[in-house]
Amino acid sequence: MDIKHYMQQLGQDARAASRQMAKADTTIKDQALRTIAATLRREKDALLAANRQDVEAAKAKDMDAAMLDRLTLTEKSVAAMAEGLEQIASLPDPVGEISNLKYRPTGIQVGRMCVPLGVIGIIYEARPNVTIDAAGLCLKSGNATILRGGSEAIHCNRALVALVHDGLQKVGLPKAAVQVVETVNRAAVGELITMKEYVDVIVPRGGKGLIERISNEARIPVIRHLIGNCHVYVDDEADLAKALRIVENAKTQRLGTCNTAESLVIARAVAKDMLPPIANMLIAKGVEIRGCAETQALVPQARAATEEDYYAEYLAAIISCKVVADLDDAIAHINKYSSQHTEAIVTENYTHARHFLREVDSSSVMVNASTRFADGFEYGLGAEIGISTDKFHARGPVGLEGLTSLKYVVLGDGQVRG
């Protein structure tokens with residue numbers, strides 16, 4: 001295969017499709033989303049069979065547990081994908097909405113109109129659910145997308161995109177609005193991230209190596225999703241029962257996700273009373289604790305933490321732990337080591353909660369809730385195309401609004417500038 005020619009053709013087709021999607025009627029887009037959701041439910045067994053083929057191949061290659069977890073589909077996850085599409089269909093269509101329309105002294109009105117980004121290239125590893133989430137969000141926001149999933153999910157991704165194409169054709173929308181890169185040749189990625197004449201934005205989802213490569217080599221704007229070193233801070237006015245429940249869920253509910261807590265921070269004033277029961281709960285769940293000297297004094301099973309531990313996204317049954325002097329010390333620790341993904345405080349003090357929300361520099365900041373809620377579906381976005389840890393152009397879970405831009409519009413009645 002001539003990779004360059006193949007990718008150029010995908011780009012040309014996507015650009016043409018994006019023009020049609022930008023003017024597509026909301027009713028038609030929503031009909032396509034609901035049609036695809038119904039097809040997902042109907043073809044569940046075929047999708048799971050394709051996924052099993054990918055999973056067995058991954059096991060034969062000794063894929064690590066975290067990635068294998070992300071690769072595996074279940075009846076529940078297929079149902080969640082379908083529900084996500086239906087949620088997206090029920091959301092307001094941002095395209096064409098005019099905001100902040102104001103009269104100027106000259107009599108003209110100036111506002112800003114929400115418009116699609118155009119063609120979005122999405123590069124991701126393992127997660128076949130991204131195929132549906134991305135297709136649904138791009139479709140509703142009036143964009144076209146080129147999907148380059150990992151080779152480990154190729155059979156499932158092909159099956160999913162076939163269902164998407166069926167739904168698009170049934171309502172008269174172009175198949176090329178959602179295309180999957182059929183080759184597993186890595187040269188296709190190099191082409192995709194440099195086709196600035198056809199692709200407007202790149203969204204990478206995967207490991208640190210993938211994100212760094214895309215960020216360094218892309219000639220197109222990138223919405224980055226870096227690692228998820230998420231923190232839970234147990235404040236000196238925390239409720240122990242809440243702390244136990246939140247830390248347990250944030251760390252152990254699912255180990256291999258970017259919103260899993262990798263770091264526990266606890267105030268010195270309550271460490272003696274609260275850290276041992278929290279640590280015992282984690283140890284009982286099979287979690288290894290790597291902590292500071294104060295942590296080790298209170299938790300004999302804890303290993304000494306290195307500087308690298310405090311930066312780490314483990315995606316495994318390991319958590320770092322740091323005892324800090326107070327709230328300000330906790331915020332300083334989090335802002336130094338965090339990947340700016342998601343942080344949570346457990347506290348009964350309203351002032352402490354507001355302080356934490358204001359000063360922690362991450363894309364999601366929570367009070368008395370598990371970091372596992374940092375998710376487009378849970379935030380009411382229907383789904384997400386990724387969780388951006390950048391500050392431009394979008395931050396946090398990227399839903400419909402994150403896949404649009406704004407342009408100025410001017411309404412006049414014959415005015416001319418003097």
# chains A, B, ... in the order shown; residues from 1 in each chain; ligands from 1

$ select_by_dssp --residues "stretch 89-264 of chain A" --states "strand (DSSP E or B)" --output "ChimeraX atom specification"
/A:98-103,109-116,119-124,144-148,178-180,201-205,222,230-234,261-264

$ write_last_selection --atoms "N, CA and C atoms" --output "short mmCIF file (atom, residue, chain, number, x, y, z; two decimals), in the first residue's frame"
data_model
loop_
_atom_site.label_atom_id
_atom_site.label_comp_id
_atom_site.auth_asym_id
_atom_site.auth_seq_id
_atom_site.Cartn_x
_atom_site.Cartn_y
_atom_site.Cartn_z
N ILE A 98 -25.61 31.58 18.34
CA ILE A 98 -24.97 32.89 18.43
C ILE A 98 -25.08 33.39 19.87
N SER A 99 -23.95 33.76 20.45
CA SER A 99 -23.92 34.22 21.84
C SER A 99 -23.38 35.64 21.92
N ASN A 100 -23.72 36.31 23.03
CA ASN A 100 -23.20 37.66 23.35
C ASN A 100 -23.44 38.66 22.23
N LEU A 101 -24.61 38.59 21.64
CA LEU A 101 -24.95 39.53 20.57
C LEU A 101 -25.26 40.90 21.19
N LYS A 102 -24.47 41.90 20.83
CA LYS A 102 -24.61 43.23 21.45
C LYS A 102 -24.58 44.32 20.38
N TYR A 103 -25.37 45.38 20.65
CA TYR A 103 -25.36 46.54 19.77
C TYR A 103 -24.13 47.39 20.05
N GLN A 109 -24.75 44.95 15.21
CA GLN A 109 -24.74 43.99 16.31
C GLN A 109 -23.57 43.03 16.10
N VAL A 110 -22.81 42.78 17.17
CA VAL A 110 -21.64 41.90 17.11
C VAL A 110 -21.84 40.74 18.07
N GLY A 111 -21.67 39.52 17.58
CA GLY A 111 -21.81 38.34 18.42
C GLY A 111 -20.81 37.28 17.99
N ARG A 112 -20.93 36.11 18.59
CA ARG A 112 -20.03 35.01 18.26
C ARG A 112 -20.86 33.77 17.96
N MET A 113 -20.56 33.14 16.83
CA MET A 113 -21.29 31.94 16.40
C MET A 113 -20.43 30.70 16.60
N CYS A 114 -21.05 29.65 17.13
CA CYS A 114 -20.38 28.37 17.35
C CYS A 114 -20.32 27.59 16.03
N VAL A 115 -19.12 27.14 15.65
CA VAL A 115 -18.94 26.44 14.38
C VAL A 115 -18.08 25.20 14.58
N PRO A 116 -18.23 24.19 13.73
CA PRO A 116 -17.39 22.98 13.85
C PRO A 116 -15.92 23.30 13.61
N VAL A 119 -12.16 18.86 10.34
CA VAL A 119 -11.74 17.46 10.30
C VAL A 119 -10.86 17.19 11.53
N ILE A 120 -11.22 16.18 12.29
CA ILE A 120 -10.51 15.86 13.52
C ILE A 120 -9.87 14.49 13.38
N GLY A 121 -8.55 14.45 13.51
CA GLY A 121 -7.83 13.18 13.50
C GLY A 121 -7.67 12.67 14.92
N ILE A 122 -8.07 11.44 15.16
CA ILE A 122 -8.02 10.89 16.51
C ILE A 122 -7.16 9.63 16.50
N ILE A 123 -6.12 9.64 17.33
CA ILE A 123 -5.15 8.54 17.38
C ILE A 123 -5.22 7.96 18.78
N TYR A 124 -5.50 6.68 18.91
CA TYR A 124 -5.73 6.11 20.23
C TYR A 124 -5.29 4.66 20.29
N ALA A 144 -16.12 16.07 10.64
CA ALA A 144 -15.74 14.76 10.11
C ALA A 144 -14.54 14.29 10.92
N THR A 145 -14.34 12.97 10.98
CA THR A 145 -13.23 12.45 11.76
C THR A 145 -12.52 11.30 11.04
N ILE A 146 -11.21 11.25 11.24
CA ILE A 146 -10.39 10.12 10.78
C ILE A 146 -9.87 9.43 12.03
N LEU A 147 -10.21 8.17 12.20
CA LEU A 147 -9.88 7.43 13.41
C LEU A 147 -8.72 6.47 13.13
N ARG A 148 -7.68 6.59 13.94
CA ARG A 148 -6.57 5.66 13.82
C ARG A 148 -6.41 4.96 15.17
N VAL A 178 -17.04 9.61 9.00
CA VAL A 178 -16.33 8.81 10.00
C VAL A 178 -15.54 7.75 9.23
N GLN A 179 -14.23 7.87 9.23
CA GLN A 179 -13.38 6.91 8.54
C GLN A 179 -12.38 6.32 9.52
N VAL A 180 -12.10 5.04 9.37
CA VAL A 180 -11.08 4.39 10.17
C VAL A 180 -9.89 4.07 9.27
N VAL A 201 -7.45 19.40 13.54
CA VAL A 201 -7.06 19.15 14.93
C VAL A 201 -6.70 17.68 15.08
N ILE A 202 -5.70 17.39 15.91
CA ILE A 202 -5.34 16.02 16.26
C ILE A 202 -5.64 15.80 17.74
N VAL A 203 -6.27 14.67 18.05
CA VAL A 203 -6.52 14.30 19.45
C VAL A 203 -5.87 12.94 19.69
N PRO A 204 -4.75 12.90 20.42
CA PRO A 204 -4.13 11.61 20.75
C PRO A 204 -4.62 11.09 22.09
N ARG A 205 -4.90 9.81 22.17
CA ARG A 205 -5.28 9.16 23.43
C ARG A 205 -4.47 7.89 23.57
N VAL A 222 -2.86 20.26 18.48
CA VAL A 222 -3.10 19.01 19.21
C VAL A 222 -3.85 19.30 20.50
N CYS A 230 -3.61 11.41 39.46
CA CYS A 230 -4.69 12.06 40.20
C CYS A 230 -4.47 11.90 41.71
N HIS A 231 -4.80 12.94 42.47
CA HIS A 231 -4.59 12.97 43.92
C HIS A 231 -5.91 13.00 44.68
N VAL A 232 -5.91 12.37 45.84
CA VAL A 232 -6.97 12.57 46.84
C VAL A 232 -6.29 13.14 48.09
N TYR A 233 -6.75 14.31 48.52
CA TYR A 233 -6.21 14.93 49.74
C TYR A 233 -7.22 14.78 50.87
N VAL A 234 -6.79 14.16 51.96
CA VAL A 234 -7.63 14.00 53.16
C VAL A 234 -7.26 15.15 54.10
N ALA A 261 -7.09 7.34 41.15
CA ALA A 261 -6.16 8.03 42.05
C ALA A 261 -4.85 7.27 42.13
N GLU A 262 -3.76 7.98 41.92
CA GLU A 262 -2.42 7.39 42.02
C GLU A 262 -1.67 7.91 43.25
N SER A 263 -2.20 8.98 43.87
CA SER A 263 -1.50 9.62 44.98
C SER A 263 -2.48 9.97 46.10
N LEU A 264 -2.10 9.64 47.31
CA LEU A 264 -2.87 9.98 48.51
C LEU A 264 -2.08 11.02 49.30
#

$ residues_around --residues "stretch 396-399 of chain A" --least-positions-apart "5" --cutoff "7 Å" --atoms "only C-alpha atoms" --output "list in words"
Leu137, Ser363, Ser364, Asp375, Gly376, Leu381, Ala383, Glu384, Ile385, Gly386, Ile387, Ser388 and Thr389 of chain A

$ write_last_selection --atoms "N, CA, C and O atoms" --output "tab-separated table (two decimals), in the first residue's frame"
chain	number	residue	atom	x	y	z
A	137	LEU	N	-19.61	12.16	18.98
A	137	LEU	CA	-19.38	13.57	19.30
A	137	LEU	C	-19.04	14.37	18.05
A	137	LEU	O	-19.52	15.50	17.89
A	363	SER	N	-7.50	20.14	35.52
A	363	SER	CA	-8.66	20.32	34.66
A	363	SER	C	-9.97	19.95	35.34
A	363	SER	O	-11.03	20.42	34.94
A	364	SER	N	-9.92	19.09	36.36
A	364	SER	CA	-11.10	18.79	37.19
A	364	SER	C	-10.66	18.82	38.65
A	364	SER	O	-9.64	18.22	39.00
A	375	ASP	N	-15.12	12.18	33.87
A	375	ASP	CA	-15.50	11.39	32.70
A	375	ASP	C	-16.61	12.14	31.96
A	375	ASP	O	-17.53	12.67	32.60
A	376	GLY	N	-16.52	12.18	30.65
A	376	GLY	CA	-17.53	12.90	29.88
A	376	GLY	C	-18.94	12.39	30.10
A	376	GLY	O	-19.90	13.16	30.20
A	381	LEU	N	-21.91	14.92	29.37
A	381	LEU	CA	-21.53	15.29	28.01
A	381	LEU	C	-21.92	14.22	26.99
A	381	LEU	O	-21.67	14.38	25.80
A	383	ALA	N	-20.55	11.61	26.18
A	383	ALA	CA	-19.31	10.86	26.02
A	383	ALA	C	-18.19	11.89	26.02
A	383	ALA	O	-18.42	13.07	26.27
A	384	GLU	N	-16.99	11.44	25.76
A	384	GLU	CA	-15.87	12.37	25.64
A	384	GLU	C	-14.94	11.89	24.54
A	384	GLU	O	-14.86	10.69	24.25
A	385	ILE	N	-14.25	12.83	23.94
A	385	ILE	CA	-13.27	12.46	22.93
A	385	ILE	C	-11.90	12.32	23.57
A	385	ILE	O	-10.94	11.87	22.96
A	386	GLY	N	-11.81	12.69	24.83
A	386	GLY	CA	-10.59	12.62	25.61
A	386	GLY	C	-10.69	13.59	26.76
A	386	GLY	O	-11.66	14.34	26.87
A	387	ILE	N	-9.71	13.57	27.65
A	387	ILE	CA	-9.65	14.52	28.75
A	387	ILE	C	-8.40	15.36	28.56
A	387	ILE	O	-7.28	14.87	28.71
A	388	SER	N	-8.61	16.61	28.20
A	388	SER	CA	-7.49	17.48	27.89
A	388	SER	C	-6.86	18.02	29.17
A	388	SER	O	-7.54	18.57	30.03
A	389	THR	N	-5.55	17.85	29.29
A	389	THR	CA	-4.81	18.45	30.39
A	389	THR	C	-4.10	19.72	29.95
A	389	THR	O	-3.34	20.30	30.71

$ closest_atom_pairs --of "stretch 107-127 of chain A" --to "stretch 56-74 of chain A" --cutoff "9 Å" --atoms "only C-alpha atoms" --output "JSON lines"
{"residue": "A:Glu125", "atom": "CA", "partner": "A:Met67", "partner_atom": "CA", "distance": 8.3}
{"residue": "A:Ala126", "atom": "CA", "partner": "A:Leu71", "partner_atom": "CA", "distance": 4.7}
{"residue": "A:Arg127", "atom": "CA", "partner": "A:Leu71", "partner_atom": "CA", "distance": 5.0}

$ residues_around --residues "stretch 337-340 of chain A" --least-positions-apart "4" --cutoff "10 Å" --atoms "only C-alpha atoms" --output "VMD selection string"
chain A and resid 225 to 231 262 to 263 307 to 313 332 to 333 360 to 365 388 to 391 395 to 396

$ closest_residue --among "A:His5, A:Arg34, A:Arg354, A:Lys285" --to "A:Gln253" --atoms "only C-alpha atoms"
A:Lys285

$ select_by_dssp --residues "stretch 123-262 of chain A" --states "helix (DSSP H, G or I)" --output "MDAnalysis selection string"
chainID A and resid 129:140 151:170 175:177 187:192 208:217 240:252

$ closest_residue --among "A:Met366, A:Leu282, A:Asn259, A:Val265" --to "A:Ile331" --atoms "only C-alpha atoms"
A:Val265

$ atom_distance --atom1 "atom CA of A:Ser215" --atom2 "atom CA of A:Gly190"
11.7 Å

$ closest_residue --among "A:Cys156, A:Ala89, A:Ala82, A:Val324" --to "A:Val55" --atoms "only C-alpha atoms"
A:Cys156

$ residues_around --residues "A:Asp239" --least-positions-apart "6" --cutoff "12 Å" --atoms "only C-alpha atoms" --output "list of chain:residue names"
A:Tyr233, A:Arg245, A:Ile246, A:Val270, A:Asp273, A:Met274, A:Ile278, A:Ile345, A:Val346, A:Thr347, A:Glu348, A:Asn349, A:Asn368

$ atom_distance --atom1 "atom CA of A:Arg268" --atom2 "atom CA of A:Asp326"
6.9 Å

$ atom_distance --atom1 "atom CA of A:Thr404" --atom2 "atom CA of A:Leu117"
5.1 Å

$ closest_residue --among "A:Val299, A:Gly96, A:Ala218, A:Glu343" --to "A:Val409" --atoms "only C-alpha atoms"
A:Gly96

$ residues_around --residues "A:Asp30" --least-positions-apart "5" --cutoff "9 Å" --atoms "only C-alpha atoms" --output "PyMOL selection string"
chain A and resi 25+35+85-86+88-90+139-140

$ write_last_selection --atoms "N, CA, C and O atoms" --output "PDB file, in the first residue's frame"
ATOM      1  N   ASP A  25     -28.668  19.158   9.271  1.00  0.00           N
ATOM      2  CA  ASP A  25     -29.747  19.507  10.193  1.00  0.00           C
ATOM      3  C   ASP A  25     -29.623  18.713  11.496  1.00  0.00           C
ATOM      4  O   ASP A  25     -29.278  17.523  11.479  1.00  0.00           O
ATOM      5  N   THR A  35     -29.985   5.771  15.484  1.00  0.00           N
ATOM      6  CA  THR A  35     -29.936   4.586  14.624  1.00  0.00           C
ATOM      7  C   THR A  35     -28.696   3.749  14.936  1.00  0.00           C
ATOM      8  O   THR A  35     -28.763   2.516  15.048  1.00  0.00           O
ATOM      9  N   LEU A  85     -24.420   7.473  22.979  1.00  0.00           N
ATOM     10  CA  LEU A  85     -24.904   8.058  21.728  1.00  0.00           C
ATOM     11  C   LEU A  85     -26.284   8.685  21.909  1.00  0.00           C
ATOM     12  O   LEU A  85     -26.561   9.771  21.376  1.00  0.00           O
ATOM     13  N   GLU A  86     -27.132   8.022  22.673  1.00  0.00           N
ATOM     14  CA  GLU A  86     -28.474   8.563  22.917  1.00  0.00           C
ATOM     15  C   GLU A  86     -28.408   9.833  23.757  1.00  0.00           C
ATOM     16  O   GLU A  86     -29.205  10.762  23.555  1.00  0.00           O
ATOM     17  N   ILE A  88     -25.880  11.949  23.695  1.00  0.00           N
ATOM     18  CA  ILE A  88     -25.405  12.981  22.774  1.00  0.00           C
ATOM     19  C   ILE A  88     -26.557  13.504  21.911  1.00  0.00           C
ATOM     20  O   ILE A  88     -26.692  14.707  21.683  1.00  0.00           O
ATOM     21  N   ALA A  89     -27.411  12.589  21.464  1.00  0.00           N
ATOM     22  CA  ALA A  89     -28.559  12.989  20.645  1.00  0.00           C
ATOM     23  C   ALA A  89     -29.512  13.897  21.422  1.00  0.00           C
ATOM     24  O   ALA A  89     -30.165  14.767  20.839  1.00  0.00           O
ATOM     25  N   SER A  90     -29.583  13.706  22.722  1.00  0.00           N
ATOM     26  CA  SER A  90     -30.515  14.507  23.534  1.00  0.00           C
ATOM     27  C   SER A  90     -29.939  15.868  23.922  1.00  0.00           C
ATOM     28  O   SER A  90     -30.667  16.738  24.410  1.00  0.00           O
ATOM     29  N   LEU A 139     -19.935  13.666  15.002  1.00  0.00           N
ATOM     30  CA  LEU A 139     -21.146  13.736  14.185  1.00  0.00           C
ATOM     31  C   LEU A 139     -22.063  14.855  14.682  1.00  0.00           C
ATOM     32  O   LEU A 139     -22.490  15.715  13.903  1.00  0.00           O
ATOM     33  N   LYS A 140     -22.345  14.873  15.983  1.00  0.00           N
ATOM     34  CA  LYS A 140     -23.282  15.869  16.524  1.00  0.00           C
ATOM     35  C   LYS A 140     -22.721  17.287  16.416  1.00  0.00           C
ATOM     36  O   LYS A 140     -23.475  18.247  16.188  1.00  0.00           O
TER      37      LYS A 140
END

$ closest_residue --among "A:Leu10, A:Ala374, A:Val184, A:Ala241" --to "A:Thr257" --atoms "only C-alpha atoms"
A:Ala374

$ closest_residue --among "A:Arg41, A:Lys196, A:Arg358, A:Arg186" --to "A:Ser77" --atoms "only C-alpha atoms"
A:Arg41

$ decode --residues "stretch 250-307 of chain A" --atoms "C-alpha atoms" --output "PDB file, in the first residue's frame"
ATOM      1  CA  ALA A 250     -10.825   6.372  43.490  1.00  0.00           C
ATOM      2  CA  LYS A 251      -7.985   3.847  43.689  1.00  0.00           C
ATOM      3  CA  THR A 252      -9.489   0.370  43.503  1.00  0.00           C
ATOM      4  CA  GLN A 253     -12.715   0.564  41.482  1.00  0.00           C
ATOM      5  CA  ARG A 254     -10.659   0.280  38.284  1.00  0.00           C
ATOM      6  CA  LEU A 255      -6.882   0.392  38.184  1.00  0.00           C
ATOM      7  CA  GLY A 256      -6.165   1.041  34.526  1.00  0.00           C
ATOM      8  CA  THR A 257      -7.946   4.350  33.885  1.00  0.00           C
ATOM      9  CA  CYS A 258      -6.577   7.882  33.707  1.00  0.00           C
ATOM     10  CA  ASN A 259      -8.941   9.125  36.434  1.00  0.00           C
ATOM     11  CA  THR A 260      -7.836   6.510  38.981  1.00  0.00           C
ATOM     12  CA  ALA A 261      -6.159   8.033  42.048  1.00  0.00           C
ATOM     13  CA  GLU A 262      -2.423   7.392  42.022  1.00  0.00           C
ATOM     14  CA  SER A 263      -1.503   9.615  44.981  1.00  0.00           C
ATOM     15  CA  LEU A 264      -2.872   9.985  48.507  1.00  0.00           C
ATOM     16  CA  VAL A 265      -2.109  13.164  50.458  1.00  0.00           C
ATOM     17  CA  ILE A 266      -3.120  13.507  54.110  1.00  0.00           C
ATOM     18  CA  ALA A 267      -2.918  16.308  56.668  1.00  0.00           C
ATOM     19  CA  ARG A 268      -0.504  15.706  59.547  1.00  0.00           C
ATOM     20  CA  ALA A 269      -3.124  16.635  62.176  1.00  0.00           C
ATOM     21  CA  VAL A 270      -5.268  13.611  61.278  1.00  0.00           C
ATOM     22  CA  ALA A 271      -2.658  11.239  59.839  1.00  0.00           C
ATOM     23  CA  LYS A 272      -2.230   9.278  63.091  1.00  0.00           C
ATOM     24  CA  ASP A 273      -5.961   8.546  63.306  1.00  0.00           C
ATOM     25  CA  MET A 274      -6.947   8.329  59.650  1.00  0.00           C
ATOM     26  CA  LEU A 275      -3.966   7.007  57.689  1.00  0.00           C
ATOM     27  CA  PRO A 276      -3.770   3.529  59.345  1.00  0.00           C
ATOM     28  CA  PRO A 277      -7.420   2.596  58.594  1.00  0.00           C
ATOM     29  CA  ILE A 278      -7.160   3.990  55.046  1.00  0.00           C
ATOM     30  CA  ALA A 279      -3.904   2.098  54.510  1.00  0.00           C
ATOM     31  CA  ASN A 280      -5.344  -1.122  55.940  1.00  0.00           C
ATOM     32  CA  MET A 281      -8.269  -0.855  53.538  1.00  0.00           C
ATOM     33  CA  LEU A 282      -5.923  -0.358  50.573  1.00  0.00           C
ATOM     34  CA  ILE A 283      -3.605  -3.189  51.643  1.00  0.00           C
ATOM     35  CA  ALA A 284      -6.611  -5.498  52.053  1.00  0.00           C
ATOM     36  CA  LYS A 285      -7.485  -4.635  48.445  1.00  0.00           C
ATOM     37  CA  GLY A 286      -3.980  -5.633  47.338  1.00  0.00           C
ATOM     38  CA  VAL A 287      -2.624  -2.091  46.909  1.00  0.00           C
ATOM     39  CA  GLU A 288       1.055  -1.424  47.609  1.00  0.00           C
ATOM     40  CA  ILE A 289       1.754   1.859  49.426  1.00  0.00           C
ATOM     41  CA  ARG A 290       4.883   3.907  48.738  1.00  0.00           C
ATOM     42  CA  GLY A 291       5.195   6.769  51.164  1.00  0.00           C
ATOM     43  CA  CYS A 292       7.247   9.405  52.932  1.00  0.00           C
ATOM     44  CA  ALA A 293       8.993   8.778  56.258  1.00  0.00           C
ATOM     45  CA  GLU A 294       5.897   9.818  58.227  1.00  0.00           C
ATOM     46  CA  THR A 295       3.787   7.426  56.188  1.00  0.00           C
ATOM     47  CA  GLN A 296       6.197   4.574  56.892  1.00  0.00           C
ATOM     48  CA  ALA A 297       6.142   5.333  60.616  1.00  0.00           C
ATOM     49  CA  LEU A 298       2.347   5.005  60.666  1.00  0.00           C
ATOM     50  CA  VAL A 299       2.081   2.188  58.102  1.00  0.00           C
ATOM     51  CA  PRO A 300       4.822  -0.432  58.630  1.00  0.00           C
ATOM     52  CA  GLN A 301       3.951  -2.197  55.347  1.00  0.00           C
ATOM     53  CA  ALA A 302       4.629   0.955  53.294  1.00  0.00           C
ATOM     54  CA  ARG A 303       7.757   1.126  51.140  1.00  0.00           C
ATOM     55  CA  ALA A 304       9.839   4.286  50.854  1.00  0.00           C
ATOM     56  CA  ALA A 305       8.628   6.551  48.046  1.00  0.00           C
ATOM     57  CA  THR A 306      11.093   8.015  45.561  1.00  0.00           C
ATOM     58  CA  GLU A 307      10.741  11.351  43.829  1.00  0.00           C
TER      59      GLU A 307
END
